[in-house]
Amino acid sequence: MVAADIHGPDERVTDWRASLGYLRDGNRRYCDGRGTAVHITSADRYVMKLGQMPFATVVTCSDSRVSPEVYFDQRLGDIFVIRNAGNVVGEVAMGTVEFGAEVVGTPLFVVVGHSDCRAVMGAYSGAAYGGNLGKVMERIRPVVAGCGCADEAIHVHVDYVVNQIKSNDVVKRAGAAVVGAYYNIESGEVSFSPVPL
C-alpha cells in the first residue's frame with residue numbers, strides 16, 4: 001500500500017496540480033531527511049512491467065549531483081526524465097518531450113535548472129569548447145548574453161527552455177502544463193516558477 005502523498009505505479013494522473021503536489025511533497029520529504037523513494041516491492045515491479053504511468057516529465061541537467069528521482073523523492077516509474085548538459089532542448093530532446101506528451105501522457109512538464117550549473121556558467125562566461133560540447137554552448141550562449149551574473153543566467157535559461165516547450169505543438173495539443181524550477185544543491189530545496197492558472 002502506498003502512502004497518500006506518494007504516487008502508485010498503477011496510478012494514472014491527469015491533473016497537473018496533483019503532479020506538482022507529488023513533486024513538492026517529495027522535495028519536502030527529501031529536505032527533511034524522510035525520503036521513501038527506494039522502497040519498491042516485487043508487486044510494484046510487476047505493475048511497471050505492464051507499462052509506465054509517470055505523473056510528470058522533468059527536463060534537467062546531467063550533473064551527477066542533481067538526480068530528480070532523488071531530490072523529488074520519487075520511485076521508479078514516477079517521473080519521465082530527460083537529461084543533458086545544461087538542460088538544453090534541441091531536436092532530440094524536444095522529440096523526447098513530445099514522447100512524454102503524446103505517448104506517455106504526462107500532464108506536467110518541469111524544467112529544472114540548478115545552482116552551480118557548469119554548462120550554463122561556461123556559456124555565460126564565454127568558455128570555448130570544441131566539438132559537440134561547443135554546440136551545447138552555442139545553444140545556451142545567446143540566451144544568457146546580457147545577464148548580470150551566472151545565477152541569473154541559470155534562471156533565464158530555464159525560462160527560455162520552458163517557453164520552447166510551451167510553444168511546441170504536441171505539448172499544446174496535449175494540454176500539458178509547463179513550469180520552471182530551480183534546485184539548490186546545498187539546501188536540497190526546489191523552488192518553482194509561478195504556475196499556470
# chains A, B, ... in the order shown; residues from 1 in each chain; ligands from 1
>>> select_by_dssp(residues="segment 12-135 of chain A", states="alpha helix (DSSP H)", output="short mmCIF file (atom, residue, chain, number, x, y, z; two decimals) with N, CA and C atoms, in the first residue's frame")
data_model
loop_
_atom_site.label_atom_id
_atom_site.label_comp_id
_atom_site.auth_asym_id
_atom_site.auth_seq_id
_atom_site.Cartn_x
_atom_site.Cartn_y
_atom_site.Cartn_z
N TRP A 16 -2.42 18.28 -13.71
CA TRP A 16 -1.06 18.76 -13.46
C TRP A 16 -0.88 19.25 -12.03
N ARG A 17 -1.96 19.71 -11.38
CA ARG A 17 -1.86 20.19 -10.00
C ARG A 17 -1.51 19.04 -9.06
N ALA A 18 -2.09 17.87 -9.30
CA ALA A 18 -1.76 16.69 -8.50
C ALA A 18 -0.30 16.30 -8.72
N SER A 19 0.15 16.39 -9.97
CA SER A 19 1.55 16.08 -10.30
C SER A 19 2.50 17.01 -9.55
N LEU A 20 2.19 18.30 -9.60
CA LEU A 20 3.02 19.29 -8.91
C LEU A 20 3.02 19.03 -7.40
N GLY A 21 1.89 18.64 -6.87
CA GLY A 21 1.80 18.30 -5.45
C GLY A 21 2.71 17.14 -5.08
N TYR A 22 2.75 16.10 -5.93
CA TYR A 22 3.65 14.97 -5.67
C TYR A 22 5.11 15.43 -5.63
N LEU A 23 5.48 16.31 -6.57
CA LEU A 23 6.87 16.79 -6.61
C LEU A 23 7.19 17.65 -5.39
N ARG A 24 6.28 18.54 -5.02
CA ARG A 24 6.52 19.39 -3.84
C ARG A 24 6.60 18.55 -2.57
N ASP A 25 5.67 17.60 -2.40
CA ASP A 25 5.70 16.74 -1.22
C ASP A 25 7.00 15.93 -1.16
N GLY A 26 7.42 15.42 -2.32
CA GLY A 26 8.64 14.63 -2.38
C GLY A 26 9.87 15.45 -2.03
N ASN A 27 9.94 16.68 -2.55
CA ASN A 27 11.08 17.53 -2.23
C ASN A 27 11.10 17.88 -0.74
N ARG A 28 9.93 18.07 -0.17
CA ARG A 28 9.84 18.35 1.27
C ARG A 28 10.38 17.16 2.07
N ARG A 29 9.97 15.93 1.68
CA ARG A 29 10.48 14.74 2.37
C ARG A 29 12.00 14.65 2.24
N TYR A 30 12.51 14.92 1.03
CA TYR A 30 13.95 14.86 0.78
C TYR A 30 14.70 15.86 1.66
N CYS A 31 14.22 17.10 1.71
CA CYS A 31 14.88 18.14 2.51
C CYS A 31 14.81 17.83 4.00
N SER A 42 8.11 -6.17 -5.13
CA SER A 42 8.00 -7.01 -6.32
C SER A 42 6.67 -6.76 -7.02
N ALA A 43 5.62 -6.43 -6.25
CA ALA A 43 4.32 -6.10 -6.85
C ALA A 43 4.43 -4.82 -7.68
N ASP A 44 5.19 -3.82 -7.17
CA ASP A 44 5.42 -2.59 -7.93
C ASP A 44 6.12 -2.90 -9.25
N ARG A 45 7.15 -3.75 -9.19
CA ARG A 45 7.90 -4.10 -10.41
C ARG A 45 7.01 -4.82 -11.40
N TYR A 46 6.12 -5.66 -10.91
CA TYR A 46 5.19 -6.38 -11.79
C TYR A 46 4.28 -5.38 -12.51
N VAL A 47 3.75 -4.42 -11.78
CA VAL A 47 2.88 -3.40 -12.38
C VAL A 47 3.66 -2.62 -13.44
N MET A 48 4.91 -2.26 -13.13
CA MET A 48 5.71 -1.48 -14.08
C MET A 48 6.07 -2.29 -15.32
N LYS A 49 6.13 -3.60 -15.18
CA LYS A 49 6.40 -4.46 -16.33
C LYS A 49 5.29 -4.31 -17.38
N PRO A 68 16.78 14.00 -10.41
CA PRO A 68 15.44 14.40 -9.99
C PRO A 68 14.69 13.32 -9.21
N GLU A 69 14.96 12.06 -9.49
CA GLU A 69 14.32 10.99 -8.72
C GLU A 69 14.70 11.10 -7.25
N VAL A 70 15.90 11.60 -6.98
CA VAL A 70 16.38 11.72 -5.61
C VAL A 70 15.81 12.97 -4.94
N TYR A 71 16.03 14.17 -5.52
CA TYR A 71 15.60 15.39 -4.83
C TYR A 71 14.08 15.60 -4.85
N GLU A 91 16.74 19.21 -31.02
CA GLU A 91 15.83 18.35 -31.79
C GLU A 91 15.52 17.02 -31.09
N VAL A 92 16.55 16.33 -30.62
CA VAL A 92 16.35 15.02 -29.99
C VAL A 92 15.62 15.17 -28.65
N ALA A 93 16.06 16.12 -27.83
CA ALA A 93 15.40 16.33 -26.54
C ALA A 93 13.95 16.75 -26.74
N MET A 94 13.67 17.59 -27.76
CA MET A 94 12.29 18.00 -28.00
C MET A 94 11.46 16.82 -28.48
N GLY A 95 12.06 15.92 -29.23
CA GLY A 95 11.36 14.70 -29.63
C GLY A 95 10.99 13.87 -28.40
N THR A 96 11.87 13.85 -27.41
CA THR A 96 11.59 13.12 -26.18
C THR A 96 10.52 13.83 -25.37
N VAL A 97 10.52 15.16 -25.38
CA VAL A 97 9.44 15.93 -24.75
C VAL A 97 8.10 15.55 -25.39
N GLU A 98 8.08 15.50 -26.72
CA GLU A 98 6.85 15.13 -27.43
C GLU A 98 6.42 13.71 -27.08
N PHE A 99 7.38 12.82 -26.89
CA PHE A 99 7.06 11.45 -26.47
C PHE A 99 6.37 11.48 -25.10
N ARG A 118 27.53 24.06 -14.44
CA ARG A 118 28.75 24.40 -15.18
C ARG A 118 28.50 24.61 -16.66
N ALA A 119 27.49 23.96 -17.22
CA ALA A 119 27.21 24.16 -18.65
C ALA A 119 26.73 25.59 -18.89
N VAL A 120 25.76 26.04 -18.12
CA VAL A 120 25.24 27.40 -18.29
C VAL A 120 26.30 28.42 -17.87
N MET A 121 27.00 28.14 -16.78
CA MET A 121 28.05 29.06 -16.32
C MET A 121 29.16 29.18 -17.36
N GLY A 122 29.49 28.07 -18.02
CA GLY A 122 30.51 28.10 -19.07
C GLY A 122 30.08 28.94 -20.25
N ALA A 123 28.82 28.78 -20.66
CA ALA A 123 28.30 29.57 -21.77
C ALA A 123 28.25 31.05 -21.39
N TYR A 124 27.84 31.34 -20.17
CA TYR A 124 27.74 32.72 -19.69
C TYR A 124 29.11 33.39 -19.66
N SER A 125 30.13 32.64 -19.22
CA SER A 125 31.46 33.23 -19.08
C SER A 125 32.23 33.27 -20.40
N GLY A 131 34.04 20.70 -30.70
CA GLY A 131 33.22 19.51 -30.86
C GLY A 131 31.76 19.72 -30.49
N ASN A 132 31.13 18.65 -30.06
CA ASN A 132 29.71 18.71 -29.72
C ASN A 132 29.43 19.52 -28.46
N LEU A 133 30.40 19.54 -27.53
CA LEU A 133 30.23 20.37 -26.33
C LEU A 133 30.14 21.84 -26.73
N GLY A 134 30.92 22.22 -27.74
CA GLY A 134 30.84 23.59 -28.25
C GLY A 134 29.44 23.90 -28.78
N LYS A 135 28.79 22.90 -29.37
CA LYS A 135 27.42 23.10 -29.88
C LYS A 135 26.43 23.32 -28.74
#
>>> residues_around(residues="segment 154-164 of chain A", least_positions_apart="5", cutoff="7 Å", atoms="only C-alpha atoms", output="list of chain:residue names")
A:Val89, A:Val111, A:Val112, A:Gly113, A:Val120, A:Val143, A:Val144, A:Val178, A:Val179, A:Gly180
>>> closest_residue(among="A:Phe80, A:Phe72, A:Ser67, A:Arg12", to="Met53 of chain A", atoms="only C-alpha atoms")
A:Arg12
>>> closest_residue(among="A:Val88, A:Ala174, A:Cys117, A:Ala145", to="Arg65 of chain A", atoms="only C-alpha atoms")
A:Cys117
>>> select_by_dssp(residues="segment 15-178 of chain A", states="strand (DSSP E)", output="list in words")
Ala56, Thr57, Val58, Val59, Thr60, Ile79, Phe80, Val81, Ile82, Arg83, Leu108, Phe109, Val110, Val111, Val112, Gly113, His114, Ala177 and Val178 of chain A
>>> closest_residue(among="A:Cys61, A:Leu76, A:Ala56, A:Ile82", to="Val13 of chain A", atoms="only C-alpha atoms")
A:Ala56
>>> atom_distance(atom1="atom CA of Cys149 of chain A", atom2="atom CA of Ser115 of chain A")
12.2 Å
>>> atom_distance(atom1="atom CA of Gly188 of chain A", atom2="atom CA of Val136 of chain A")
26.2 Å
>>> residues_around(residues="Arg173 of chain A", least_positions_apart="4", cutoff="9 Å", atoms="only C-alpha atoms", output="list in words")
Ala101, Glu102, Asn168 and Asp169 of chain A
>>> write_last_selection(atoms="C-alpha atoms", output="PDB file, in the first residue's frame")
ATOM      1  CA  ALA A 101       3.267  14.459 -24.031  1.00  0.00           C
ATOM      2  CA  GLU A 102       1.858  12.219 -26.742  1.00  0.00           C
ATOM      3  CA  ASN A 168       5.637  23.027 -29.005  1.00  0.00           C
ATOM      4  CA  ASP A 169       2.510  21.991 -30.930  1.00  0.00           C
TER       5      ASP A 169
END
